[in-house]
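Working notes, structure below.
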Protein chains: 2
Amino acid sequence: MTQPRLKHFGWGREGEGLTPAEEAFVLGRIEQRFGPQASGEVKPPRLEDIKLEPPRLDPPASLPFCSTALYDRAAHTYGKSFPDYVRGLVGEYHSAPDVVAYPRTEEEVAAVLDWAGGAQASVTPFGGGSSVVGGVEPRRDAVRHKAAVTIDLRELGRVLEVDKTSRAARIEAGAFGPALEAQLKPHGLTLRHFPQSFECSTLGGWIATRSGGHFATLYTHIDDLVESLRVITPKGVIETRRLPGSGAGPSPDRLLIGSEGILGIITQAWMRLQDRPRFRAGGAMQFADFFTAAKALRAISQAGLYPANCRILDPHEAFNTGAADGSVAIMVLAFESGDHPVEPWMARASECCADHGGKPDRTDTADAHREGAAGAWRNAFIRMPYARERTIERGIINDTFETAITWERFESFHDKVKAATERAIVEASGRAGQVTCRCTHVYPDGPAPYFTFHAAGRHGELSAQWQTIKSASLDAVIANGGTVTHHHAVGRDHRRWYDRQRPPLFAAALKAAKATMDPQALLNPGVLIDS
Amino acid sequence: MTQPRLKHFGWGREGEGLTPAEEAFVLGRIEQRFGPQASGEVKPPRLEDIKLEPPRLDPPASLPFCSTALYDRAAHTYGKSFPDYVRGLVGEYHSAPDVVAYPRTEEEVAAVLDWAGGAQASVTPFGGGSSVVGGVEPRRDAVRHKAAVTIDLRELGRVLEVDKTSRAARIEAGAFGPALEAQLKPHGLTLRHFPQSFECSTLGGWIATRSGGHFATLYTHIDDLVESLRVITPKGVIETRRLPGSGAGPSPDRLLIGSEGILGIITQAWMRLQDRPRFRAGGAMQFADFFTAAKALRAISQAGLYPANCRILDPHEAFNTGAADGSVAIMVLAFESGDHPVEPWMARASECCADHGGKPDRTDTADAHREGAAGAWRNAFIRMPYARERTIERGIINDTFETAITWERFESFHDKVKAATERAIVEASGRAGQVTCRCTHVYPDGPAPYFTFHAAGRHGELSAQWQTIKSASLDAVIANGGTVTHHHAVGRDHRRWYDRQRPPLFAAALKAAKATMDPQALLNPGVLIDS
């Protein structure tokens, strides 16, 4: 591992961040909205200034891959949610793990679980730590747990086996996106799962959280790309059979996918791969407004064309990312194939757009998916997470939430959720903020709307202000029929609303299933369920 | 309900069966293989000659939709597996339910569950009774259950709500295929889930067993067409949220889909629908042999073209169904769309076939998917289930099993499974039989092979002979990495092999989940798990 280590605060690795030009753009947009900065900037503490409690337990000599060093404990205290940043900014690290383990084999994973069980320590599985829902912060149940251990899977990052005939590979769960793709590339294959966190998240994390990726249609979630799994639980190994399809009882994989580390630690998966694309067609389309763009989105989705990219941005979202001037909604549309030219597909999708007044974006070029509005949006999309650690220094509350809803309710759902969020911003911060929306994934029966909000907060009150806004948003999402998350997971931040969405008997079944695999309730206490 | 009632023995409804011409074809093929009939024919008893034990309990007056009549009990004793037919043929009806309930509302379903719980009766949910895996035969656990009640859902057969915008409908679980489609037709929509049992099976049965349908690619199982579910359990109702997609924890739907009636009784589902197809292209292709056809199948599947039909038949299978002369393998290929012409898709698929020497079948016509080899196969496919109640009278053992396997193992898997089945036929019957194969569904990472076998059995020994063959087949399937079932379900007949395939900790989790929903273990004892 010659690359820099992950930052203990902020997005990405040490040395990474916004370029001066990007920072100027981001802060310019903020000042344009909220005026020049009122209160002073707050800077996060340097690593060496962070004070941690002494660890409550020491790893035994038989587990030499464990650490109690300051960096390891601090860098595994939080994920990347807004309240995580708020606490990191003021140097609050009470929930730091006592020990961080970096197992290099499945046997070492099992050994840590055994040791943690004996020591009555809670166990938090950790991939890239990019959780935005409170999914990786160590938590102890005061009765059950005497300490907290985090298991970081980063040493399990290899592609172990490639089956070119079936286009599948057996991959260790700790593989980060870029390293995973680099290992597949010599075989001419690709997973093509590119969540926004691609560079800072792992295969195991994607599977544990039902990550949403590159494909806007069809293979939207990682779920469909999983061929089989290996999971280490406190009660032993679960290995599912490698199959292209099965009808043998409820799918074991589907109980483990999305289990967010509460049932066991995913160590390997056989993943379904794609040929590297050789043919592409696409571009950006302009629409009069967001709902008109959504009508075209629905038409394309229901036509059975399955574009790789098919995302719509409302006019404000398009403006904020530099994809348009704020007067039009944008659709980013792309077909790709490793097998055949895709012009007939693109031609029909363009007709669907034209039926709703969609016009090709004039800034597009031949290599349209990289340039013009589409390219601007794509670039902004990847760089976006770096902005928040900067804007929070100025007291800006910037967060997102994503959901899904069937088409017949989409417009009223959008309006109610947006209005509730806008009202809550005024309530929390005393002034108007901004709520924008895009649709990141789309299904024949409905889209996955993704809301972004900005509010001018006040240092010292950021957590409470954020909670007011977040609560109002998710109350509206749940009351109006949406899901608490489309692809960011539940963690602990979404529990209150997840509990309203999930059938109570399913919660009971999940608790019962957990008790068979993790009878001491070591794993991720408070995530998804209380055990 | 003006249509005739289901037969108490055999496939379909009273009055249905092979035409004289079909019977002559089927028996001709049998005599061609096994010579003229040796032993005498055995005819099944007439309904009035079937002797049942008196019912062990009487339904209360508050449940007037319950019956203890001879027809109701006899017609709900078995599904349609080969050992079911063997026992029906000789009038063995020991496992007949004591009471058959035909609830007309969810409240009545719940009332039957309550009553059965109080009476300590096992409960078997029943859709169309087309199970070929011992999934609907009432079973009592001698310790737990004093009687057996079957709940037939046929009175819950309505389409309750249609959402044209999202292309979805809320449908009661007891809807049979044709009635379901007839109710959708005025809305221009279709579920397009056409399992071989389409006319004799129900939506709830499809969901409970992860049925495989019309689509050879992409939406192969019913799983993907389920938007949300309502399930009545002994502990109350589970209703999942209607969503186009979600990432909120492990999917509740996926625990219920494939649960084969052990967790609760599916009463309603919101189903994802399709526009009725307006554009079609397709036909049959000839290949030198089965494995060459499979190479083309893999190419099409991995090209991302998603044909609605894409099935290959080995030369014997093609011969037996009248699709070819026995010298060539056949691919049945069809694209369909409600939105756009599909010629570019078909053109690329044809190239994939040509790359492997595939030639268009010359008997094809313009309306190719209905005529020629493709049409012959389609017709034989739908009529096939009617043949077995006739051939068993002659002591012919005729059964099928289906599985799935990744591509890199497909050829050796096929050969080993086929050889093991052929050897077992000789062992069981003293003479050679026939084992043929087709692939019914296909995924980028592997096909779903579907084996059919014929053997000349002897009356009085049919069950044991069948068990010998079935055991050898499934031993080979499991030992060589396949799944015990791709879309026929597990029931009780597949339990021995399912238990080897399924991770033990998943079995424990499933038992624990069942205990939360069905703590008295009333529902379908012995199916999927022992509780």
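Residues are referred to by chain and number: the chain letter is A, B, ... according to the order shown in the structure tokens, the number counts from 1 in that chain, and ligands are numbered separately from 1 in the order shown.
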Up to 7 Å from chain A, what residues of chain B turn up? Count only C-alpha atoms and give them as a ChimeraX atom specification.
/B:165-167,210,238-240,243-252,254-259,272,303,339,404-408,443-446,483-487,489-490,503,505-506,508-510,512-513,516-517,528
Near Gly79 in chain B, within 8 Å and counting only C-alpha atoms, which residues show up once chain neighbours fewer than 3 positions away are dropped, as a PyMOL selection string?
chain B and resi 76+84+129-137
Output file for the residues above (N, CA and C atoms, as a short mmCIF file (atom, residue, chain, number, x, y, z; two decimals), in the first residue's frame):
data_model
loop_
_atom_site.label_atom_id
_atom_site.label_comp_id
_atom_site.auth_asym_id
_atom_site.auth_seq_id
_atom_site.Cartn_x
_atom_site.Cartn_y
_atom_site.Cartn_z
N HIS B 76 -57.34 -31.85 -3.00
CA HIS B 76 -56.30 -31.08 -2.31
C HIS B 76 -55.30 -31.98 -1.59
N ASP B 84 -46.76 -38.08 -6.60
CA ASP B 84 -48.17 -37.74 -6.36
C ASP B 84 -49.06 -38.57 -7.29
N GLY B 129 -52.38 -25.79 -7.03
CA GLY B 129 -52.03 -27.19 -6.77
C GLY B 129 -51.10 -27.79 -7.81
N SER B 130 -50.37 -26.96 -8.53
CA SER B 130 -49.52 -27.48 -9.61
C SER B 130 -48.11 -27.82 -9.14
N SER B 131 -47.88 -27.79 -7.85
CA SER B 131 -46.54 -28.11 -7.32
C SER B 131 -46.04 -29.46 -7.84
N VAL B 132 -44.81 -29.49 -8.30
CA VAL B 132 -44.20 -30.77 -8.72
C VAL B 132 -43.12 -31.20 -7.73
N VAL B 133 -43.16 -30.65 -6.52
CA VAL B 133 -42.10 -30.94 -5.55
C VAL B 133 -42.64 -31.33 -4.18
N GLY B 134 -43.90 -31.76 -4.13
CA GLY B 134 -44.46 -32.11 -2.82
C GLY B 134 -44.67 -30.90 -1.93
N GLY B 135 -45.10 -29.80 -2.54
CA GLY B 135 -45.26 -28.56 -1.77
C GLY B 135 -46.64 -28.33 -1.20
N VAL B 136 -47.66 -29.05 -1.68
CA VAL B 136 -49.03 -28.76 -1.22
C VAL B 136 -49.71 -29.96 -0.55
N GLU B 137 -48.98 -31.05 -0.39
CA GLU B 137 -49.57 -32.20 0.28
C GLU B 137 -49.64 -31.92 1.78
#
Report task. Could you give me, as a PyMOL selection string, each residue of range 120-328 of chain B that DSSP assigns to strand (DSSP E or B) when run on this structure's backbone? Result -> chain B and resi 121-126+147-152+159-163+168-172+176+189-190+202+212+221+226-233+236-239+265-272+274-275+279-287+309-313
ask   = Any idea what the distance is between CA of Thr436 in chain A and CA of Glu199 in chain A?
value =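 Those two atoms sit 25.1 Å apart.
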| If you run DSSP on the backbone, which residues of range 224-374 of chain A are alpha helix (DSSP H), as a PyMOL selection string? | chain A and resi 252-256+290-302+315-320+343-354+372-374
Please identify all polymer residues within 9 Å of Ala110 in chain A, counting only C-alpha atoms, omitting same-chain residues fewer than 2 positions from it, and present them as a PDB file with N, CA and C atoms, in the first residue's frame.
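The result, stored in around-v7.pdb:
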ATOM      1  N   THR A 105      -6.407 -12.268   6.752  1.00  0.00           N
ATOM      2  CA  THR A 105      -7.011 -13.523   6.287  1.00  0.00           C
ATOM      3  C   THR A 105      -8.377 -13.686   6.964  1.00  0.00           C
ATOM      4  N   GLU A 106      -9.160 -14.597   6.427  1.00  0.00           N
ATOM      5  CA  GLU A 106     -10.452 -14.907   7.060  1.00  0.00           C
ATOM      6  C   GLU A 106     -10.240 -15.485   8.453  1.00  0.00           C
ATOM      7  N   GLU A 107      -9.165 -16.248   8.611  1.00  0.00           N
ATOM      8  CA  GLU A 107      -8.892 -16.832   9.923  1.00  0.00           C
ATOM      9  C   GLU A 107      -8.648 -15.713  10.940  1.00  0.00           C
ATOM     10  N   GLU A 108      -7.971 -14.677  10.493  1.00  0.00           N
ATOM     11  CA  GLU A 108      -7.729 -13.559  11.409  1.00  0.00           C
ATOM     12  C   GLU A 108      -9.017 -12.797  11.722  1.00  0.00           C
ATOM     13  N   VAL A 112     -10.421 -12.382  15.540  1.00  0.00           N
ATOM     14  CA  VAL A 112     -10.816 -11.129  16.188  1.00  0.00           C
ATOM     15  C   VAL A 112     -12.220 -11.263  16.776  1.00  0.00           C
ATOM     16  N   LEU A 113     -13.120 -11.890  16.005  1.00  0.00           N
ATOM     17  CA  LEU A 113     -14.484 -12.078  16.523  1.00  0.00           C
ATOM     18  C   LEU A 113     -14.460 -12.922  17.798  1.00  0.00           C
ATOM     19  N   ASP A 114     -13.651 -13.966  17.793  1.00  0.00           N
ATOM     20  CA  ASP A 114     -13.557 -14.825  18.986  1.00  0.00           C
ATOM     21  C   ASP A 114     -13.047 -14.020  20.185  1.00  0.00           C
ATOM     22  N   TRP A 115     -11.978 -13.283  19.924  1.00  0.00           N
ATOM     23  CA  TRP A 115     -11.380 -12.493  21.002  1.00  0.00           C
ATOM     24  C   TRP A 115     -12.367 -11.440  21.509  1.00  0.00           C
ATOM     25  N   ILE A 232     -18.209 -14.176   7.548  1.00  0.00           N
ATOM     26  CA  ILE A 232     -17.757 -14.749   8.821  1.00  0.00           C
ATOM     27  C   ILE A 232     -18.645 -14.196   9.925  1.00  0.00           C
ATOM     28  N   THR A 233     -19.358 -15.077  10.598  1.00  0.00           N
ATOM     29  CA  THR A 233     -20.192 -14.663  11.725  1.00  0.00           C
ATOM     30  C   THR A 233     -19.558 -15.198  13.000  1.00  0.00           C
ATOM     31  N   PRO A 234     -19.991 -14.682  14.149  1.00  0.00           N
ATOM     32  CA  PRO A 234     -19.477 -15.233  15.402  1.00  0.00           C
ATOM     33  C   PRO A 234     -19.780 -16.727  15.554  1.00  0.00           C
ATOM     34  N   GLY A 236     -19.701 -18.871  12.940  1.00  0.00           N
ATOM     35  CA  GLY A 236     -19.079 -19.635  11.862  1.00  0.00           C
ATOM     36  C   GLY A 236     -19.278 -18.982  10.511  1.00  0.00           C
ATOM     37  N   VAL A 237     -18.847 -19.714   9.479  1.00  0.00           N
ATOM     38  CA  VAL A 237     -18.843 -19.167   8.120  1.00  0.00           C
ATOM     39  C   VAL A 237     -20.165 -19.469   7.417  1.00  0.00           C
TER      40      VAL A 237
END
For range 472-477 of chain A, work out the shell of residues within 8 Å, counting only C-alpha atoms and skipping chain neighbours fewer than 2 positions away, then give it as a JSON list (two decimals) with N, CA and C atoms, in the first residue's frame.
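result03.json written:
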[["chain", "number", "residue", "atom", "x", "y", "z"],
["A", 403, "THR", "N", -34.23, 8.66, -2.02],
["A", 403, "THR", "CA", -35.39, 7.82, -1.76],
["A", 403, "THR", "C", -35.86, 7.23, -3.08],
["A", 413, "PHE", "N", -45.17, 13.94, -4.27],
["A", 413, "PHE", "CA", -44.14, 13.52, -3.32],
["A", 413, "PHE", "C", -42.98, 14.50, -3.33],
["A", 416, "LYS", "N", -44.00, 17.89, -1.78],
["A", 416, "LYS", "CA", -44.19, 17.87, -0.32],
["A", 416, "LYS", "C", -42.87, 17.71, 0.42],
["A", 417, "VAL", "N", -42.01, 16.85, -0.08],
["A", 417, "VAL", "CA", -40.72, 16.63, 0.58],
["A", 417, "VAL", "C", -39.87, 17.89, 0.49],
["A", 418, "LYS", "N", -39.87, 18.49, -0.68],
["A", 418, "LYS", "CA", -39.07, 19.71, -0.86],
["A", 418, "LYS", "C", -39.60, 20.83, 0.04],
["A", 420, "ALA", "N", -41.35, 20.60, 2.81],
["A", 420, "ALA", "CA", -41.10, 20.30, 4.22],
["A", 420, "ALA", "C", -39.64, 20.61, 4.58],
["A", 421, "THR", "N", -38.74, 20.29, 3.67],
["A", 421, "THR", "CA", -37.32, 20.55, 3.92],
["A", 421, "THR", "C", -37.05, 22.05, 3.94],
["A", 424, "ALA", "N", -38.29, 23.52, 7.14],
["A", 424, "ALA", "CA", -37.44, 23.14, 8.28],
["A", 424, "ALA", "C", -36.13, 23.94, 8.28],
["A", 468, "THR", "N", -33.08, 19.01, 12.96],
["A", 468, "THR", "CA", -34.40, 19.59, 12.66],
["A", 468, "THR", "C", -34.73, 19.43, 11.18],
["A", 469, "ILE", "N", -33.75, 19.73, 10.34],
["A", 469, "ILE", "CA", -34.00, 19.66, 8.88],
["A", 469, "ILE", "C", -34.16, 18.20, 8.45],
["A", 470, "LYS", "N", -33.23, 17.37, 8.91],
["A", 470, "LYS", "CA", -33.23, 15.96, 8.52],
["A", 470, "LYS", "C", -34.55, 15.30, 8.95],
["A", 479, "ALA", "N", -44.03, 9.69, 5.42],
["A", 479, "ALA", "CA", -45.47, 9.93, 5.41],
["A", 479, "ALA", "C", -46.03, 9.87, 3.99],
["A", 480, "ASN", "N", -45.24, 10.21, 3.00],
["A", 480, "ASN", "CA", -45.73, 10.24, 1.64],
["A", 480, "ASN", "C", -45.37, 9.01, 0.81],
["A", 481, "GLY", "N", -44.91, 7.96, 1.49],
["A", 481, "GLY", "CA", -44.81, 6.67, 0.81],
["A", 481, "GLY", "C", -43.44, 6.30, 0.27],
["A", 482, "GLY", "N", -42.41, 7.11, 0.52],
["A", 482, "GLY", "CA", -41.09, 6.78, 0.00],
["A", 482, "GLY", "C", -40.34, 5.80, 0.89],
["A", 483, "THR", "N", -39.11, 5.51, 0.50],
["A", 483, "THR", "CA", -38.24, 4.68, 1.32],
["A", 483, "THR", "C", -37.21, 5.59, 2.01],
["A", 484, "VAL", "N", -36.83, 5.23, 3.21],
["A", 484, "VAL", "CA", -35.89, 6.04, 3.98],
["A", 484, "VAL", "C", -34.53, 6.13, 3.29],
["A", 497, "TRP", "N", -36.90, 6.38, 11.14],
["A", 497, "TRP", "CA", -37.82, 6.34, 10.00],
["A", 497, "TRP", "C", -37.87, 4.94, 9.40]]
- Message: Using only C-alpha atoms, can you tell me which of A:Gln196, A:Thr391, A:Asn524, A:Ser228 comes closest to Gly457 in chain A?
- Response: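 Of all the options, A:Thr391 lies closest to Gly457 in chain A.
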#### Entry: Separation of CA of Gly460 in chain B from CA of Val90 in chain B, in Å and rounded to one decimal
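Separating CA of Gly460 in chain B from CA of Val90 in chain B is a distance of 9.1 Å.
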### Task
Find the residues near Glu389 in chain A: any atom within 12 Å, counting only C-alpha atoms, skip ones fewer than 3 places away on the same chain, and give them as a PyMOL selection string.
chain A and resi 7-12+16-18+23+26+41-44+80-89+383-386+392-399
As an exercise, work out the distance from CA of His459 in chain A to CA of Gly15 in chain A in Å and give it to one decimal place.
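The value is 25.7 Å.
Comparing A:Ala387, A:Ala175, A:Thr124, A:Arg140 by their smallest distance to Thr19 in chain A, the closest is A:Ala387 (using only C-alpha atoms).
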TODO: Quick one: everything within 10 Å of Ala428 in chain A, counting only C-alpha atoms, minus sequence neighbours fewer than 5 positions away in the same chain. Send it as a list in words.
DONE: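 The filter keeps Glu422, Arg423, Ala455, Ala456, Gly457, Arg458, Glu461, Leu462, Ala464, Gln465, Trp466, Gln467, Thr468 and Ile469 of chain A.
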